[in-house]
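Trainee: This is the structure I want to talk about, given as structure tokens.
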Amino acid sequence: MATDKKVLTVQDISCFGQCSMTVALPIISACGIETAILPSAVLSTHTGGFKGFTVRDLTDDIPGIVNHWVQEGLSFDAIYTGYLGSTRQMDMIKDMFRRLTTPGAVKIVDPAMADHGKLYYGFDDVYAREMGKLCGEADIVLPNITEAAMMTGAPYVGEGYDEAYIRDLMERIFALGAKTVVMTGVSYAPEQLGVAVCGRDDKEISYYFHPRLERSRHGTGDIFAAAFTGALVQGKTPLAAATLAAEFTLAAMRATDGDESHWYGAKFEKALPILTGALNH
């Protein structure tokens with residue numbers, strides 16, 4: 001597990017709650033990769049279940065940071081974006097893709113904006129369409145089914161879908177311009193859940209499935225995306241990176257089972273040896 005590559009991750013800092021930047025930075029760093037951060041906002045906690053949280057938008061700070069980095073000659077081998085607070089920030093990400101990447105850099109977009117058929121608090125259809133445009137400039141997109149449908153104008157089917165539906169969602173994302181889709185939350189049977197991976201030029205969708213756990217947890221999408229990014233930059237294929245990330249996320253969720261006081265996230269820290277061990281073999 002040796003690389004001198006550098007990753008930039010752009011997303012919010014939720015100071016408490018094990019999601020977004022507080023997940024991405026330690027996980028990608030644990031993969032042996034130098035990780036730079038550019039926070040899109042600072043929240044006292046994440047918005048899932050907490051009340052009265054504080055939010056400070058950092059949109060106006062981003063251009064100055066980027067300009068300084070450009071002046072210093074900084075560039076990155078991968079840029080991975082998560083939760084973004086506005087469509088203005090999406091335009092700034094596109095600028096970063098052009099100005100802050102090394103030749104051959106991979107651009108990874110996790111369109112963290114919706115789940116279970118609903119957009120997150122504060123987002124609307126305009127945001128979803130603009131997120132689709134950002135995904136169109138990415139090499140790899142990491143949507144769940146809700147996000148894939150809302151970005152592309154496809155109908156959302158909560159359950160009972162088949163592979164033709166998943167393929168249609170992927171084709172719609174490819175039509176936006178993305179090169180590879182790694183779709184999370186895919187299931188063709190009640191007892192399983194997994195990830196579907198397909199490149200724009202591939203004919204077959206590859207899958208990784210695991211047993212469905214009884215309880216979902218906040219932040220698991222961020223845990224998956226960070227581990228995926230780390231594994232990919234370390235040289236794993238998209239399918240291998242997705243498989244490893246899914247197994248790591250599952251281990252983090254299992255490490256949290258039984259602790260009812262830990263309702264706000266998953267104990268990914270306890271599962272880090274699984275991730276680092278896999279990357280060393």
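Labeling convention for the structure tokens: chains A, B, ... as they appear, residues from 1 per chain, ligands from 1 in order of appearance.
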Do you know which residues are at most 12 Å from Met150 (chain A) counting only C-alpha atoms, after dropping those on the same chain fewer than 3 positions away, and could you put them as an NGL selection string?
Mentor: :A and (111-120 or 123-132 or 143-147 or 153-157 or 169 or 172-173)
Trainee: Sorted by chain and rising residue number, list the residues of region 36-65 of chain A at most 12 Å from region 70-86 of chain A (counting only C-alpha atoms), each with its closest atom pair and distance in Å to one decimal, as a Markdown table.
Mentor:
| residue | atom | partner | partner_atom | distance |
| --- | --- | --- | --- | --- |
| A:Ala36 | CA | A:Phe76 | CA | 8.8 |
| A:Ile37 | CA | A:Tyr80 | CA | 9.8 |
| A:Leu38 | CA | A:Thr81 | CA | 9.5 |
| A:Pro39 | CA | A:Leu84 | CA | 9.2 |
| A:Ser40 | CA | A:Leu84 | CA | 6.3 |
| A:Ala41 | CA | A:Gly85 | CA | 7.1 |
| A:Val42 | CA | A:Gly85 | CA | 10.3 |
| A:Leu43 | CA | A:Gly85 | CA | 11.2 |
| A:His46 | CA | A:Tyr83 | CA | 11.0 |
| A:Thr47 | CA | A:Tyr83 | CA | 11.9 |
| A:Val55 | CA | A:Gly85 | CA | 10.3 |
| A:Arg56 | CA | A:Gly85 | CA | 10.2 |
| A:Asp57 | CA | A:Gly85 | CA | 7.5 |
| A:Leu58 | CA | A:Gly85 | CA | 8.9 |
| A:Thr59 | CA | A:Gly85 | CA | 8.1 |
| A:Asp60 | CA | A:Ser86 | CA | 11.4 |
| A:Ile62 | CA | A:Leu84 | CA | 12.0 |
| A:Pro63 | CA | A:Val70 | CA | 10.5 |
| A:Gly64 | CA | A:Val70 | CA | 9.9 |
| A:Ile65 | CA | A:Val70 | CA | 8.7 |
Trainee: Go ahead and save the picked residues with N, CA and C atoms, as an mmCIF file, in the first residue's frame.
Mentor:
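This is the output file part_32.cif:
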data_model
loop_
_atom_site.group_PDB
_atom_site.id
_atom_site.type_symbol
_atom_site.label_atom_id
_atom_site.label_comp_id
_atom_site.auth_asym_id
_atom_site.auth_seq_id
_atom_site.Cartn_x
_atom_site.Cartn_y
_atom_site.Cartn_z
ATOM 1 N N ALA A 36 -6.184 16.239 0.904
ATOM 2 C CA ALA A 36 -6.465 17.657 1.148
ATOM 3 C C ALA A 36 -7.972 17.843 1.218
ATOM 4 N N ILE A 37 -8.397 18.867 1.943
ATOM 5 C CA ILE A 37 -9.831 19.099 2.115
ATOM 6 C C ILE A 37 -10.196 20.511 1.679
ATOM 7 N N LEU A 38 -11.399 20.643 1.166
ATOM 8 C CA LEU A 38 -11.969 21.953 0.889
ATOM 9 C C LEU A 38 -13.413 21.909 1.366
ATOM 10 N N PRO A 39 -13.691 22.455 2.545
ATOM 11 C CA PRO A 39 -15.045 22.360 3.108
ATOM 12 C C PRO A 39 -16.024 23.281 2.398
ATOM 13 N N SER A 40 -17.193 22.747 2.088
ATOM 14 C CA SER A 40 -18.243 23.526 1.439
ATOM 15 C C SER A 40 -19.129 24.249 2.446
ATOM 16 N N ALA A 41 -19.149 23.751 3.678
ATOM 17 C CA ALA A 41 -19.936 24.342 4.759
ATOM 18 C C ALA A 41 -19.472 23.718 6.067
ATOM 19 N N VAL A 42 -19.821 24.367 7.171
ATOM 20 C CA VAL A 42 -19.556 23.806 8.496
ATOM 21 C C VAL A 42 -20.878 23.715 9.240
ATOM 22 N N LEU A 43 -21.213 22.525 9.708
ATOM 23 C CA LEU A 43 -22.430 22.298 10.484
ATOM 24 C C LEU A 43 -22.040 21.783 11.862
ATOM 25 N N HIS A 46 -24.711 16.685 11.696
ATOM 26 C CA HIS A 46 -25.445 16.432 10.459
ATOM 27 C C HIS A 46 -26.937 16.667 10.695
ATOM 28 N N THR A 47 -27.706 16.609 9.620
ATOM 29 C CA THR A 47 -29.119 17.019 9.694
ATOM 30 C C THR A 47 -30.072 15.842 9.911
ATOM 31 N N VAL A 55 -25.411 26.080 10.806
ATOM 32 C CA VAL A 55 -24.838 25.919 9.464
ATOM 33 C C VAL A 55 -24.141 27.214 9.065
ATOM 34 N N ARG A 56 -22.914 27.094 8.610
ATOM 35 C CA ARG A 56 -22.220 28.243 8.017
ATOM 36 C C ARG A 56 -21.787 27.864 6.603
ATOM 37 N N ASP A 57 -22.361 28.526 5.623
ATOM 38 C CA ASP A 57 -22.040 28.284 4.226
ATOM 39 C C ASP A 57 -20.680 28.905 3.891
ATOM 40 N N LEU A 58 -19.845 28.154 3.188
ATOM 41 C CA LEU A 58 -18.491 28.614 2.861
ATOM 42 C C LEU A 58 -18.303 28.847 1.366
ATOM 43 N N THR A 59 -19.384 28.985 0.633
ATOM 44 C CA THR A 59 -19.289 29.153 -0.808
ATOM 45 C C THR A 59 -18.368 30.307 -1.196
ATOM 46 N N ASP A 60 -18.494 31.418 -0.527
ATOM 47 C CA ASP A 60 -17.720 32.605 -0.901
ATOM 48 C C ASP A 60 -16.230 32.455 -0.610
ATOM 49 N N ILE A 62 -14.527 29.621 -1.250
ATOM 50 C CA ILE A 62 -13.939 28.611 -2.125
ATOM 51 C C ILE A 62 -13.082 29.212 -3.236
ATOM 52 N N PRO A 63 -13.528 30.238 -3.973
ATOM 53 C CA PRO A 63 -12.693 30.748 -5.074
ATOM 54 C C PRO A 63 -11.315 31.211 -4.618
ATOM 55 N N GLY A 64 -11.232 31.875 -3.481
ATOM 56 C CA GLY A 64 -9.948 32.340 -2.984
ATOM 57 C C GLY A 64 -9.007 31.190 -2.665
ATOM 58 N N ILE A 65 -9.544 30.134 -2.085
ATOM 59 C CA ILE A 65 -8.732 28.960 -1.774
ATOM 60 C C ILE A 65 -8.199 28.339 -3.062
#
Trainee: List as CSV every residue of region 161-216 of chain A that is in contact with region 253-262 of chain A, defined as an atom at most 12 Å from one of its atoms (using only C-alpha atoms), together with the nearest atom pair and the distance in Å rounded to one decimal, sorted by chain and then rising number.
Mentor:
residue,atom,partner,partner_atom,distance
A:Pro211,CA,A:Arg254,CA,11.6
A:Arg212,CA,A:Met253,CA,11.1
A:Leu213,CA,A:Met253,CA,8.5
A:Glu214,CA,A:Asp257,CA,10.0
A:Arg215,CA,A:Met253,CA,8.7
A:Ser216,CA,A:Met253,CA,8.1
Trainee: Using N, CA and C atoms, can you write the selected residues to a file as a PDB file, in the first residue's frame?
Mentor:
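Below is the file that was written, selection_27.pdb:
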ATOM      1  N   PRO A 211     -25.624  -9.634   2.654  1.00  0.00           N
ATOM      2  CA  PRO A 211     -26.899  -9.744   3.362  1.00  0.00           C
ATOM      3  C   PRO A 211     -27.399  -8.379   3.817  1.00  0.00           C
ATOM      4  N   ARG A 212     -28.686  -8.153   3.685  1.00  0.00           N
ATOM      5  CA  ARG A 212     -29.266  -6.890   4.122  1.00  0.00           C
ATOM      6  C   ARG A 212     -29.369  -6.871   5.651  1.00  0.00           C
ATOM      7  N   LEU A 213     -28.852  -5.824   6.267  1.00  0.00           N
ATOM      8  CA  LEU A 213     -28.969  -5.681   7.709  1.00  0.00           C
ATOM      9  C   LEU A 213     -30.331  -5.095   8.061  1.00  0.00           C
ATOM     10  N   GLU A 214     -30.765  -5.353   9.283  1.00  0.00           N
ATOM     11  CA  GLU A 214     -32.087  -4.898   9.688  1.00  0.00           C
ATOM     12  C   GLU A 214     -32.166  -3.379   9.805  1.00  0.00           C
ATOM     13  N   ARG A 215     -31.057  -2.746  10.123  1.00  0.00           N
ATOM     14  CA  ARG A 215     -31.083  -1.320  10.423  1.00  0.00           C
ATOM     15  C   ARG A 215     -30.116  -0.560   9.521  1.00  0.00           C
ATOM     16  N   SER A 216     -30.581   0.544   8.951  1.00  0.00           N
ATOM     17  CA  SER A 216     -29.697   1.438   8.217  1.00  0.00           C
ATOM     18  C   SER A 216     -29.109   2.465   9.187  1.00  0.00           C
TER      19      SER A 216
END
Trainee: Counting only C-alpha atoms, which of A:Leu275, A:Ala246, A:Met183, A:Ala240 gets nearest to Phe209 (chain A)?
Mentor: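 Ranked by minimum distance to Phe209 (chain A), first place goes to A:Ala246.
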Trainee: Can you tell me, as a PDB file with N, CA and C atoms, in the first residue's frame, which residues in region 231-272 of chain A count as helix (DSSP H, G or I) by DSSP?
Mentor:
ATOM      1  N   ALA A 231      -9.494   3.109  -2.205  1.00  0.00           N
ATOM      2  CA  ALA A 231      -9.121   1.863  -2.875  1.00  0.00           C
ATOM      3  C   ALA A 231      -8.843   2.091  -4.358  1.00  0.00           C
ATOM      4  N   LEU A 232      -9.646   2.946  -4.996  1.00  0.00           N
ATOM      5  CA  LEU A 232      -9.449   3.215  -6.418  1.00  0.00           C
ATOM      6  C   LEU A 232      -8.104   3.898  -6.660  1.00  0.00           C
ATOM      7  N   VAL A 233      -7.798   4.900  -5.859  1.00  0.00           N
ATOM      8  CA  VAL A 233      -6.529   5.615  -6.033  1.00  0.00           C
ATOM      9  C   VAL A 233      -5.342   4.702  -5.731  1.00  0.00           C
ATOM     10  N   PRO A 238     -12.705  -0.332 -10.474  1.00  0.00           N
ATOM     11  CA  PRO A 238     -13.951   0.144  -9.866  1.00  0.00           C
ATOM     12  C   PRO A 238     -14.739  -0.950  -9.160  1.00  0.00           C
ATOM     13  N   LEU A 239     -14.825  -2.147  -9.758  1.00  0.00           N
ATOM     14  CA  LEU A 239     -15.565  -3.233  -9.113  1.00  0.00           C
ATOM     15  C   LEU A 239     -14.869  -3.679  -7.835  1.00  0.00           C
ATOM     16  N   ALA A 240     -13.549  -3.854  -7.877  1.00  0.00           N
ATOM     17  CA  ALA A 240     -12.818  -4.278  -6.680  1.00  0.00           C
ATOM     18  C   ALA A 240     -12.893  -3.213  -5.588  1.00  0.00           C
ATOM     19  N   ALA A 241     -12.809  -1.939  -5.981  1.00  0.00           N
ATOM     20  CA  ALA A 241     -12.905  -0.856  -4.998  1.00  0.00           C
ATOM     21  C   ALA A 241     -14.293  -0.807  -4.387  1.00  0.00           C
ATOM     22  N   ALA A 242     -15.329  -1.016  -5.215  1.00  0.00           N
ATOM     23  CA  ALA A 242     -16.701  -1.006  -4.708  1.00  0.00           C
ATOM     24  C   ALA A 242     -16.952  -2.181  -3.772  1.00  0.00           C
ATOM     25  N   THR A 243     -16.409  -3.328  -4.107  1.00  0.00           N
ATOM     26  CA  THR A 243     -16.568  -4.512  -3.263  1.00  0.00           C
ATOM     27  C   THR A 243     -15.913  -4.293  -1.909  1.00  0.00           C
ATOM     28  N   LEU A 244     -14.672  -3.805  -1.922  1.00  0.00           N
ATOM     29  CA  LEU A 244     -13.963  -3.550  -0.679  1.00  0.00           C
ATOM     30  C   LEU A 244     -14.671  -2.484   0.157  1.00  0.00           C
ATOM     31  N   ALA A 245     -15.147  -1.430  -0.504  1.00  0.00           N
ATOM     32  CA  ALA A 245     -15.842  -0.356   0.206  1.00  0.00           C
ATOM     33  C   ALA A 245     -17.139  -0.854   0.830  1.00  0.00           C
ATOM     34  N   ALA A 246     -17.860  -1.710   0.116  1.00  0.00           N
ATOM     35  CA  ALA A 246     -19.102  -2.258   0.649  1.00  0.00           C
ATOM     36  C   ALA A 246     -18.836  -3.159   1.853  1.00  0.00           C
ATOM     37  N   GLU A 247     -17.801  -3.977   1.766  1.00  0.00           N
ATOM     38  CA  GLU A 247     -17.466  -4.852   2.886  1.00  0.00           C
ATOM     39  C   GLU A 247     -17.036  -4.039   4.109  1.00  0.00           C
ATOM     40  N   PHE A 248     -16.288  -2.984   3.881  1.00  0.00           N
ATOM     41  CA  PHE A 248     -15.860  -2.117   4.973  1.00  0.00           C
ATOM     42  C   PHE A 248     -17.054  -1.413   5.619  1.00  0.00           C
ATOM     43  N   THR A 249     -17.963  -0.920   4.795  1.00  0.00           N
ATOM     44  CA  THR A 249     -19.161  -0.250   5.313  1.00  0.00           C
ATOM     45  C   THR A 249     -20.010  -1.208   6.132  1.00  0.00           C
ATOM     46  N   LEU A 250     -20.155  -2.431   5.638  1.00  0.00           N
ATOM     47  CA  LEU A 250     -20.910  -3.452   6.362  1.00  0.00           C
ATOM     48  C   LEU A 250     -20.264  -3.742   7.709  1.00  0.00           C
ATOM     49  N   ALA A 251     -18.933  -3.824   7.730  1.00  0.00           N
ATOM     50  CA  ALA A 251     -18.221  -4.085   8.984  1.00  0.00           C
ATOM     51  C   ALA A 251     -18.418  -2.931   9.969  1.00  0.00           C
ATOM     52  N   ALA A 252     -18.435  -1.697   9.453  1.00  0.00           N
ATOM     53  CA  ALA A 252     -18.662  -0.539  10.322  1.00  0.00           C
ATOM     54  C   ALA A 252     -20.056  -0.578  10.927  1.00  0.00           C
ATOM     55  N   MET A 253     -21.035  -0.979  10.135  1.00  0.00           N
ATOM     56  CA  MET A 253     -22.400  -1.064  10.639  1.00  0.00           C
ATOM     57  C   MET A 253     -22.516  -2.160  11.697  1.00  0.00           C
ATOM     58  N   ARG A 254     -21.878  -3.291  11.437  1.00  0.00           N
ATOM     59  CA  ARG A 254     -21.940  -4.383  12.401  1.00  0.00           C
ATOM     60  C   ARG A 254     -21.221  -4.011  13.694  1.00  0.00           C
ATOM     61  N   ALA A 255     -20.176  -3.208  13.598  1.00  0.00           N
ATOM     62  CA  ALA A 255     -19.458  -2.782  14.798  1.00  0.00           C
ATOM     63  C   ALA A 255     -20.306  -1.866  15.674  1.00  0.00           C
ATOM     64  N   THR A 256     -21.361  -1.312  15.097  1.00  0.00           N
ATOM     65  CA  THR A 256     -22.227  -0.382  15.815  1.00  0.00           C
ATOM     66  C   THR A 256     -23.455  -1.071  16.392  1.00  0.00           C
ATOM     67  N   PHE A 268     -17.068   3.458  12.049  1.00  0.00           N
ATOM     68  CA  PHE A 268     -16.141   3.059  10.994  1.00  0.00           C
ATOM     69  C   PHE A 268     -14.716   2.914  11.511  1.00  0.00           C
ATOM     70  N   GLU A 269     -14.386   3.642  12.585  1.00  0.00           N
ATOM     71  CA  GLU A 269     -13.020   3.591  13.118  1.00  0.00           C
ATOM     72  C   GLU A 269     -12.639   2.161  13.515  1.00  0.00           C
ATOM     73  N   LYS A 270     -13.596   1.431  14.066  1.00  0.00           N
ATOM     74  CA  LYS A 270     -13.314   0.071  14.518  1.00  0.00           C
ATOM     75  C   LYS A 270     -13.099  -0.891  13.353  1.00  0.00           C
ATOM     76  N   ALA A 271     -13.557  -0.512  12.160  1.00  0.00           N
ATOM     77  CA  ALA A 271     -13.415  -1.378  10.986  1.00  0.00           C
ATOM     78  C   ALA A 271     -12.227  -1.006  10.110  1.00  0.00           C
ATOM     79  N   LEU A 272     -11.500   0.052  10.459  1.00  0.00           N
ATOM     80  CA  LEU A 272     -10.381   0.482   9.614  1.00  0.00           C
ATOM     81  C   LEU A 272      -9.329  -0.608   9.387  1.00  0.00           C
TER      82      LEU A 272
END
